[in-house]
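A.B. asks: Here you go, one structure.
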Amino acid sequence: MTKSSKADLRSKFVLDRQDFQSLLDALNADGYRLIGPTPRIGAVVYDEINAVEDLPIGLTDEQERGTYRLKAGDPGRLFGCGLGPHSWKKFLYPAELRLWQAHLNGGMAIAANDHVPERLALIGVRACELGALRILDRVLSGGQYHDTVYETQRERLFIVAVNCGRAGSTCFCASMGTGPRAETGFDLALTEVLETERHYFVVEVGSEAGQRILDAVPLQPATDADVQAADAIIADTAAHMGRALDTHGLKELLENNFEHPEWDEVATRCLTCGSCTLVCPTCFCTTFEDVAELTGASAQRIRRWDSCFTMDFSYMVGGHVRASAKSRYRQWLTHKLSAWVDQFGTLGCVGCGRCITWCPVGIDLTEEAATIRAHSQPKPEAKTRKKKIHENA
Ligand code: SF4
Ligand code: SF4
């Protein structure tokens, strides 16, 4: 088998577990810095990895609303953990970034942002996270204004997706049409198959870059039985989603229930801490801070992640336009699941479940949406609606 025939687009191969390091080595040799899931202080986070031993081998996680625990899983399994608190967003849209810096030195010298794009290979990207990247593509580079830091980093990614072999109890990607199978947007997609006598990965090629990397990796052509084993794992994951969200007419449902009593109820529990927005792979709100030296010799502008749950985020012209917890939670949920469609042509949620797991009081957006649907208010007549908008101004 020649190298060029070895890995055509959409071809499927088998990579034995014992050869997994050779995939990492091939990416390293091609100049990529490897980022992947790795266990740190009780959670799996995304950070630099160099060897297969850096992955959370043999671990799995237990997730529920407001709960996350790592525990022993199938011995030897490399990708037995689901999503942790980190998303890939932090590598493309940094949590803190100096946008520019100005120095007085005779004249004024202005330096642009200090971001240095890198060739990054993201190892273990889940299908819902590919969905989140597609959403960020629309938000940050699909419109009139482009985030050049995001774009230059996005162009330098190599994505190794991993199809999920288990749905976490807060996952609902099947409802959002984003998973659990990685369909597009990857260079390579792996399905981990762990059998009594055999541990291997079914590898699908998704790009020419993926094809090229595989030239340096020992592979076997996947048999029908190998592909069927991988397909069965993904189908089983899809059949065992932890949660579901009915998206039928959801945009209009939320638009028509702006005064639903559930917004008052959820406000009695919500701490407005903003954790849900920080762990969300699609939330993109930021704030800006200008810092000047007392001497006036230099100044800089810093961009930081912010949250629609902070008071200052909605401070405008001498007042807070969303002063209550009710208005801030309603803003977040209706933006994600309704207004986002008007802005970007897609819902803003991919069903990763992070906001449910990492909410300290266990607020679950699938449950909130279901409660509003179950006790939906009648659609206000046009006249009443105008009056309500006036009252809420
Ligand atoms: S919903 Fe939960 S995570 Fe989000 S702001 Fe409220 S308390 Fe914090
Ligand atoms: S809203 Fe929640 S479930 Fe949806 S993408 Fe964000 S963190 Fe994930």
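Labeling convention for the structure tokens: chains A, B, ... as they appear, residues from 1 per chain, ligands from 1 in order of appearance.
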Can I get the residues of chain A within 8 Å of ligand 1, each with the closest pair of atoms and their distance in Å to one decimal, using only C-alpha atoms and all ligand atoms, sorted chain first then ascending number, as CSV?
C.D. replies:
residue,atom,partner,partner_atom_place_in_ligand_line,distance
A:Ala267,CA,ligand 1,6 (Fe),7.9
A:Arg269,CA,ligand 1,7 (S),6.8
A:Cys270,CA,ligand 1,6 (Fe),3.8
A:Leu271,CA,ligand 1,7 (S),4.0
A:Thr272,CA,ligand 1,5 (S),3.6
A:Cys273,CA,ligand 1,8 (Fe),3.9
A:Gly274,CA,ligand 1,5 (S),4.0
A:Ser275,CA,ligand 1,3 (S),4.2
A:Cys276,CA,ligand 1,3 (S),4.1
A:Thr277,CA,ligand 1,4 (Fe),6.7
A:Phe309,CA,ligand 1,5 (S),5.9
A:Tyr329,CA,ligand 1,1 (S),6.7
A:Cys355,CA,ligand 1,3 (S),6.3
A:Ile356,CA,ligand 1,2 (Fe),7.6
A:Trp358,CA,ligand 1,3 (S),6.4
A:Cys359,CA,ligand 1,3 (S),3.6
A:Pro360,CA,ligand 1,2 (Fe),5.8
A:Val361,CA,ligand 1,7 (S),5.6
A:Gly362,CA,ligand 1,2 (Fe),6.4
A:Ile363,CA,ligand 1,2 (Fe),5.4
A:Asp364,CA,ligand 1,1 (S),7.7
A.B. asks: Give me every strand (DSSP E or B) residue in range 119-226 of chain A, going by DSSP on the backbone, as a list in words.
C.D. replies: Leu120, Ala121, Leu122, Ile123, Gly124, Val125, Leu157, Phe158, Ile159, Val160, Ala161, Val162, Leu188, Ala189, Leu190, Thr191, Glu192, Val193, Leu194, His199, Tyr200, Phe201, Val202, Val203, Glu204, Val205, Gln220 and Pro221 of chain A
A.B. asks: Residues within 8 Å of ligand 2 should be enumerated using only C-alpha atoms and all ligand atoms and returned as a list in words.
C.D. replies: Ala132, Cys171, Phe172, Cys276, Thr277, Val279, Cys280, Pro281, Thr282, Cys283, Leu333, Lys336, Gly348, Cys349, Val350, Gly351, Cys352, Gly353, Arg354, Cys355, Ile356 and Leu365 of chain A
A.B. asks: Write the residues of the preceding selection, restricted to N, CA and C atoms, as a tab-separated table (two decimals), in the first residue's frame.
C.D. replies:
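What ended up in part.tsv:
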chain	number	residue	atom	x	y	z
A	132	ALA	N	-19.33	24.07	18.80
A	132	ALA	CA	-19.05	25.36	19.44
A	132	ALA	C	-18.08	26.18	18.60
A	171	CYS	N	-25.13	15.88	29.49
A	171	CYS	CA	-24.99	16.08	28.03
A	171	CYS	C	-26.35	16.04	27.33
A	172	PHE	N	-26.50	16.91	26.30
A	172	PHE	CA	-27.69	16.81	25.44
A	172	PHE	C	-27.36	17.22	24.00
A	276	CYS	N	-21.66	29.86	34.67
A	276	CYS	CA	-22.23	29.23	33.47
A	276	CYS	C	-21.68	29.87	32.21
A	277	THR	N	-21.45	31.18	32.23
A	277	THR	CA	-20.95	31.85	31.02
A	277	THR	C	-19.46	31.58	30.83
A	279	VAL	N	-17.76	28.83	31.68
A	279	VAL	CA	-17.49	27.47	31.19
A	279	VAL	C	-18.10	27.22	29.81
A	280	CYS	N	-19.01	28.09	29.40
A	280	CYS	CA	-19.70	27.85	28.12
A	280	CYS	C	-18.73	28.03	26.95
A	281	PRO	N	-18.71	27.07	26.02
A	281	PRO	CA	-17.76	27.18	24.90
A	281	PRO	C	-18.15	28.20	23.86
A	282	THR	N	-19.35	28.79	23.96
A	282	THR	CA	-19.76	29.76	22.94
A	282	THR	C	-19.94	31.18	23.48
A	283	CYS	N	-19.98	31.35	24.81
A	283	CYS	CA	-20.14	32.70	25.35
A	283	CYS	C	-18.92	33.54	24.99
A	333	LEU	N	-30.41	33.16	29.11
A	333	LEU	CA	-31.10	32.01	28.51
A	333	LEU	C	-31.77	32.40	27.18
A	336	LYS	N	-29.06	32.76	24.46
A	336	LYS	CA	-28.57	31.44	24.00
A	336	LYS	C	-29.57	30.73	23.11
A	348	GLY	N	-27.34	29.36	20.28
A	348	GLY	CA	-26.01	29.59	20.86
A	348	GLY	C	-25.58	28.49	21.80
A	349	CYS	N	-26.28	27.38	21.80
A	349	CYS	CA	-25.99	26.27	22.72
A	349	CYS	C	-25.73	25.01	21.92
A	350	VAL	N	-24.70	24.24	22.33
A	350	VAL	CA	-24.38	23.00	21.62
A	350	VAL	C	-24.68	21.76	22.47
A	351	GLY	N	-25.23	21.95	23.66
A	351	GLY	CA	-25.62	20.81	24.49
A	351	GLY	C	-24.48	20.15	25.23
A	352	CYS	N	-23.41	20.91	25.53
A	352	CYS	CA	-22.26	20.30	26.21
A	352	CYS	C	-22.54	20.02	27.68
A	353	GLY	N	-23.50	20.73	28.26
A	353	GLY	CA	-23.89	20.47	29.65
A	353	GLY	C	-23.01	21.11	30.70
A	354	ARG	N	-21.96	21.83	30.28
A	354	ARG	CA	-21.04	22.41	31.28
A	354	ARG	C	-21.75	23.36	32.23
A	355	CYS	N	-22.66	24.17	31.70
A	355	CYS	CA	-23.30	25.17	32.58
A	355	CYS	C	-24.14	24.50	33.66
A	356	ILE	N	-24.60	23.26	33.39
A	356	ILE	CA	-25.39	22.53	34.40
A	356	ILE	C	-24.45	21.96	35.46
A	365	LEU	N	-30.44	24.49	32.43
A	365	LEU	CA	-31.18	25.24	31.41
A	365	LEU	C	-32.19	24.37	30.67
A.B. asks: Give me the residues near Val227 in chain A as a count of residues only, where near means some atom within 9 Å (using only C-alpha atoms) and where sequence neighbours in that chain fewer than 3 positions away do not count.
C.D. replies: 9
A.B. asks: Can you pull out the residues contacting Cys164 in chain A? Cut-off 12 Å, using only C-alpha atoms, and skip same-chain residues under 6 positions away; I want them as a count of residues only.
C.D. replies: 38
A.B. asks: List the spatial neighbours of range 293-306 of chain A as a compact mmCIF listing (two decimals) with N, CA, C and O atoms, in the first residue's frame - criterion: any atom at most 6 Å away, only C-alpha atoms, same-chain residues fewer than 4 positions off excluded.
C.D. replies:
# COMPACT_ATOMS: atom_id res chain seq x y z
N ALA A 95 -8.66 34.59 27.60
CA ALA A 95 -9.41 35.17 28.71
C ALA A 95 -8.92 36.58 29.02
O ALA A 95 -9.68 37.41 29.52
N GLU A 96 -7.65 36.86 28.73
CA GLU A 96 -7.12 38.21 28.90
C GLU A 96 -6.16 38.49 27.76
O GLU A 96 -5.30 37.66 27.46
N LEU A 97 -6.30 39.65 27.16
CA LEU A 97 -5.46 39.98 26.00
C LEU A 97 -5.21 41.47 25.96
O LEU A 97 -6.15 42.28 26.07
N ARG A 98 -3.94 41.86 25.83
CA ARG A 98 -3.64 43.29 25.63
C ARG A 98 -3.88 43.61 24.16
O ARG A 98 -3.23 43.03 23.28
N LEU A 99 -4.83 44.49 23.91
CA LEU A 99 -5.19 44.78 22.51
C LEU A 99 -4.21 45.74 21.86
O LEU A 99 -3.91 45.61 20.69
N TRP A 100 -3.75 46.73 22.62
CA TRP A 100 -2.71 47.63 22.11
C TRP A 100 -2.02 48.31 23.28
O TRP A 100 -2.53 48.33 24.40
N GLN A 101 -0.86 48.89 22.94
CA GLN A 101 -0.08 49.60 23.95
C GLN A 101 0.52 50.84 23.27
O GLN A 101 1.02 50.72 22.15
N ALA A 102 0.44 51.98 23.93
CA ALA A 102 0.98 53.21 23.32
C ALA A 102 2.07 53.78 24.22
O ALA A 102 1.95 53.76 25.45
N HIS A 103 3.14 54.26 23.62
CA HIS A 103 4.26 54.88 24.36
C HIS A 103 4.51 56.26 23.79
O HIS A 103 4.50 56.44 22.57
N LEU A 104 4.75 57.21 24.71
CA LEU A 104 5.19 58.53 24.26
C LEU A 104 6.71 58.51 24.23
O LEU A 104 7.35 58.19 25.24
N CYS A 285 -18.77 37.28 25.61
CA CYS A 285 -18.80 38.66 26.09
C CYS A 285 -17.49 39.05 26.77
O CYS A 285 -16.89 38.26 27.50
N THR A 286 -17.06 40.27 26.52
CA THR A 286 -15.80 40.75 27.08
C THR A 286 -16.00 42.16 27.62
O THR A 286 -16.98 42.83 27.32
N THR A 287 -15.03 42.57 28.43
CA THR A 287 -14.99 43.95 28.89
C THR A 287 -13.61 44.51 28.55
O THR A 287 -12.68 43.74 28.25
N PHE A 288 -13.49 45.80 28.61
CA PHE A 288 -12.22 46.45 28.24
C PHE A 288 -11.77 47.35 29.37
O PHE A 288 -12.58 48.01 30.02
N GLU A 289 -10.48 47.33 29.60
CA GLU A 289 -9.94 48.18 30.66
C GLU A 289 -8.76 48.97 30.10
O GLU A 289 -7.86 48.38 29.48
A.B. asks: Pick out each residue of range 120-275 of chain A that DSSP on the backbone tags as helix (DSSP H, G or I); I need them as a PyMOL selection string.
C.D. replies: chain A and resi 127-141+148-154+173-176+208-214+224-239+250-255+261-269+275
A.B. asks: Could you check the closest approach to Ala339 in chain A for each of A:Leu253, A:Asp61, A:Gln144, A:Ala374 and tell me which residue wins, using only C-alpha atoms?
C.D. replies: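 Once distances to Ala339 in chain A are computed over only C-alpha atoms, the minimum belongs to A:Leu253.
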A.B. asks: Excluding Tyr46 in chain A and residues on its chain fewer than 2 positions from it, collect all residues at most 12 Å away from it, counting only C-alpha atoms, and give them as JSON, numbers by chain.
C.D. replies: {"A": [34, 35, 36, 37, 38, 39, 40, 43, 44, 48, 49, 54, 55, 56, 82, 83, 84, 85, 86, 87, 88, 89, 90, 91, 121, 122, 123, 124, 125]}
A.B. asks: Hey, can you spit out that residue selection with N, CA, C and O atoms as a CSV table (one decimal), in the first residue's frame?
C.D. replies:
chain,number,residue,atom,x,y,z
A,34,LEU,N,1.1,20.3,21.4
A,34,LEU,CA,-0.1,19.5,21.6
A,34,LEU,C,-0.9,20.0,22.8
A,34,LEU,O,-0.3,20.2,23.9
A,35,ILE,N,-2.2,20.1,22.7
A,35,ILE,CA,-3.0,20.5,23.8
A,35,ILE,C,-4.1,19.4,23.9
A,35,ILE,O,-4.7,19.0,22.9
A,36,GLY,N,-4.3,18.9,25.1
A,36,GLY,CA,-5.3,17.8,25.3
A,36,GLY,C,-5.8,17.7,26.7
A,36,GLY,O,-5.4,18.5,27.6
A,37,PRO,N,-6.7,16.8,26.9
A,37,PRO,CA,-7.3,16.7,28.3
A,37,PRO,C,-6.2,16.0,29.2
A,37,PRO,O,-5.6,15.1,28.8
A,38,THR,N,-6.1,16.6,30.4
A,38,THR,CA,-5.1,16.1,31.3
A,38,THR,C,-5.7,16.4,32.7
A,38,THR,O,-6.3,17.4,33.0
A,39,PRO,N,-5.5,15.4,33.7
A,39,PRO,CA,-6.0,15.6,35.0
A,39,PRO,C,-5.2,16.5,35.9
A,39,PRO,O,-4.0,16.4,35.9
A,40,ARG,N,-5.9,17.5,36.5
A,40,ARG,CA,-5.2,18.5,37.4
A,40,ARG,C,-6.1,18.8,38.5
A,40,ARG,O,-7.3,19.1,38.3
A,43,ALA,N,-9.8,17.7,38.4
A,43,ALA,CA,-10.7,17.8,37.2
A,43,ALA,C,-9.8,17.6,35.9
A,43,ALA,O,-8.6,17.8,36.0
A,44,VAL,N,-10.5,17.3,34.8
A,44,VAL,CA,-9.7,17.2,33.6
A,44,VAL,C,-9.8,18.6,32.9
A,44,VAL,O,-10.9,19.2,32.8
A,48,GLU,N,-1.2,21.7,27.9
A,48,GLU,CA,-0.1,21.1,27.0
A,48,GLU,C,0.1,19.6,27.4
A,48,GLU,O,0.2,19.3,28.6
A,49,ILE,N,0.2,18.8,26.4
A,49,ILE,CA,0.6,17.4,26.7
A,49,ILE,C,1.7,17.0,25.8
A,49,ILE,O,1.9,17.6,24.7
A,54,ASP,N,0.1,11.7,29.6
A,54,ASP,CA,-0.5,12.9,30.1
A,54,ASP,C,-2.0,12.9,30.1
A,54,ASP,O,-2.7,13.7,30.7
A,55,LEU,N,-2.5,12.0,29.3
A,55,LEU,CA,-4.0,11.9,29.2
A,55,LEU,C,-4.6,11.3,30.4
A,55,LEU,O,-3.9,10.6,31.2
A,56,PRO,N,-5.9,11.4,30.7
A,56,PRO,CA,-6.5,10.9,31.9
A,56,PRO,C,-6.7,9.4,31.8
A,56,PRO,O,-7.9,8.9,31.8
A,82,GLY,N,-15.5,12.7,30.2
A,82,GLY,CA,-16.2,13.6,29.4
A,82,GLY,C,-15.6,15.0,29.5
A,82,GLY,O,-14.4,15.1,29.7
A,83,LEU,N,-16.4,16.0,29.3
A,83,LEU,CA,-15.9,17.4,29.3
A,83,LEU,C,-15.7,17.9,30.7
A,83,LEU,O,-16.5,17.6,31.6
A,84,GLY,N,-14.6,18.6,30.8
A,84,GLY,CA,-14.3,19.3,32.1
A,84,GLY,C,-14.7,20.7,32.0
A,84,GLY,O,-15.4,21.1,31.1
A,85,PRO,N,-14.2,21.6,32.9
A,85,PRO,CA,-14.6,23.0,33.0
A,85,PRO,C,-14.0,23.8,31.8
A,85,PRO,O,-14.6,24.9,31.5
A,86,HIS,N,-12.9,23.4,31.2
A,86,HIS,CA,-12.3,24.2,30.2
A,86,HIS,C,-13.0,23.9,28.8
A,86,HIS,O,-13.4,22.8,28.6
A,87,SER,N,-13.0,24.9,28.0
A,87,SER,CA,-13.3,24.7,26.6
A,87,SER,C,-12.1,25.2,25.7
A,87,SER,O,-11.3,25.9,26.2
A,88,TRP,N,-12.2,24.8,24.5
A,88,TRP,CA,-11.1,25.2,23.6
A,88,TRP,C,-11.0,26.7,23.3
A,88,TRP,O,-10.0,27.2,22.8
A,89,LYS,N,-12.1,27.4,23.6
A,89,LYS,CA,-12.3,28.8,23.4
A,89,LYS,C,-11.1,29.6,24.0
A,89,LYS,O,-10.6,30.5,23.4
A,90,LYS,N,-10.5,29.1,25.1
A,90,LYS,CA,-9.4,29.9,25.7
A,90,LYS,C,-8.2,29.9,24.9
A,90,LYS,O,-7.4,30.8,25.1
A,91,PHE,N,-8.0,29.0,23.9
A,91,PHE,CA,-6.8,29.0,23.1
A,91,PHE,C,-7.0,29.9,21.9
A,91,PHE,O,-6.1,30.3,21.2
A,121,ALA,N,-2.1,21.6,18.0
A,121,ALA,CA,-2.9,20.3,17.7
A,121,ALA,C,-3.8,20.1,18.9
A,121,ALA,O,-3.3,19.8,20.0
A,122,LEU,N,-5.1,20.2,18.7
A,122,LEU,CA,-6.0,19.9,19.8
A,122,LEU,C,-6.4,18.5,19.8
A,122,LEU,O,-7.0,18.0,18.8
A,123,ILE,N,-6.1,17.8,20.9
A,123,ILE,CA,-6.3,16.3,20.9
A,123,ILE,C,-7.5,16.0,21.8
A,123,ILE,O,-7.6,16.4,22.9
A,124,GLY,N,-8.5,15.3,21.2
A,124,GLY,CA,-9.7,14.9,22.0
A,124,GLY,C,-10.8,15.9,21.9
A,124,GLY,O,-11.6,16.1,22.9
A,125,VAL,N,-11.0,16.6,20.8
A,125,VAL,CA,-12.1,17.5,20.7
A,125,VAL,C,-13.4,16.8,20.4
A,125,VAL,O,-13.5,15.9,19.5
A.B. asks: Report, in Å with one decimal, the straight-line distance from CA of Gly42 in chain A to CA of Pro94 in chain A.
C.D. replies: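 The value is 23.3 Å.
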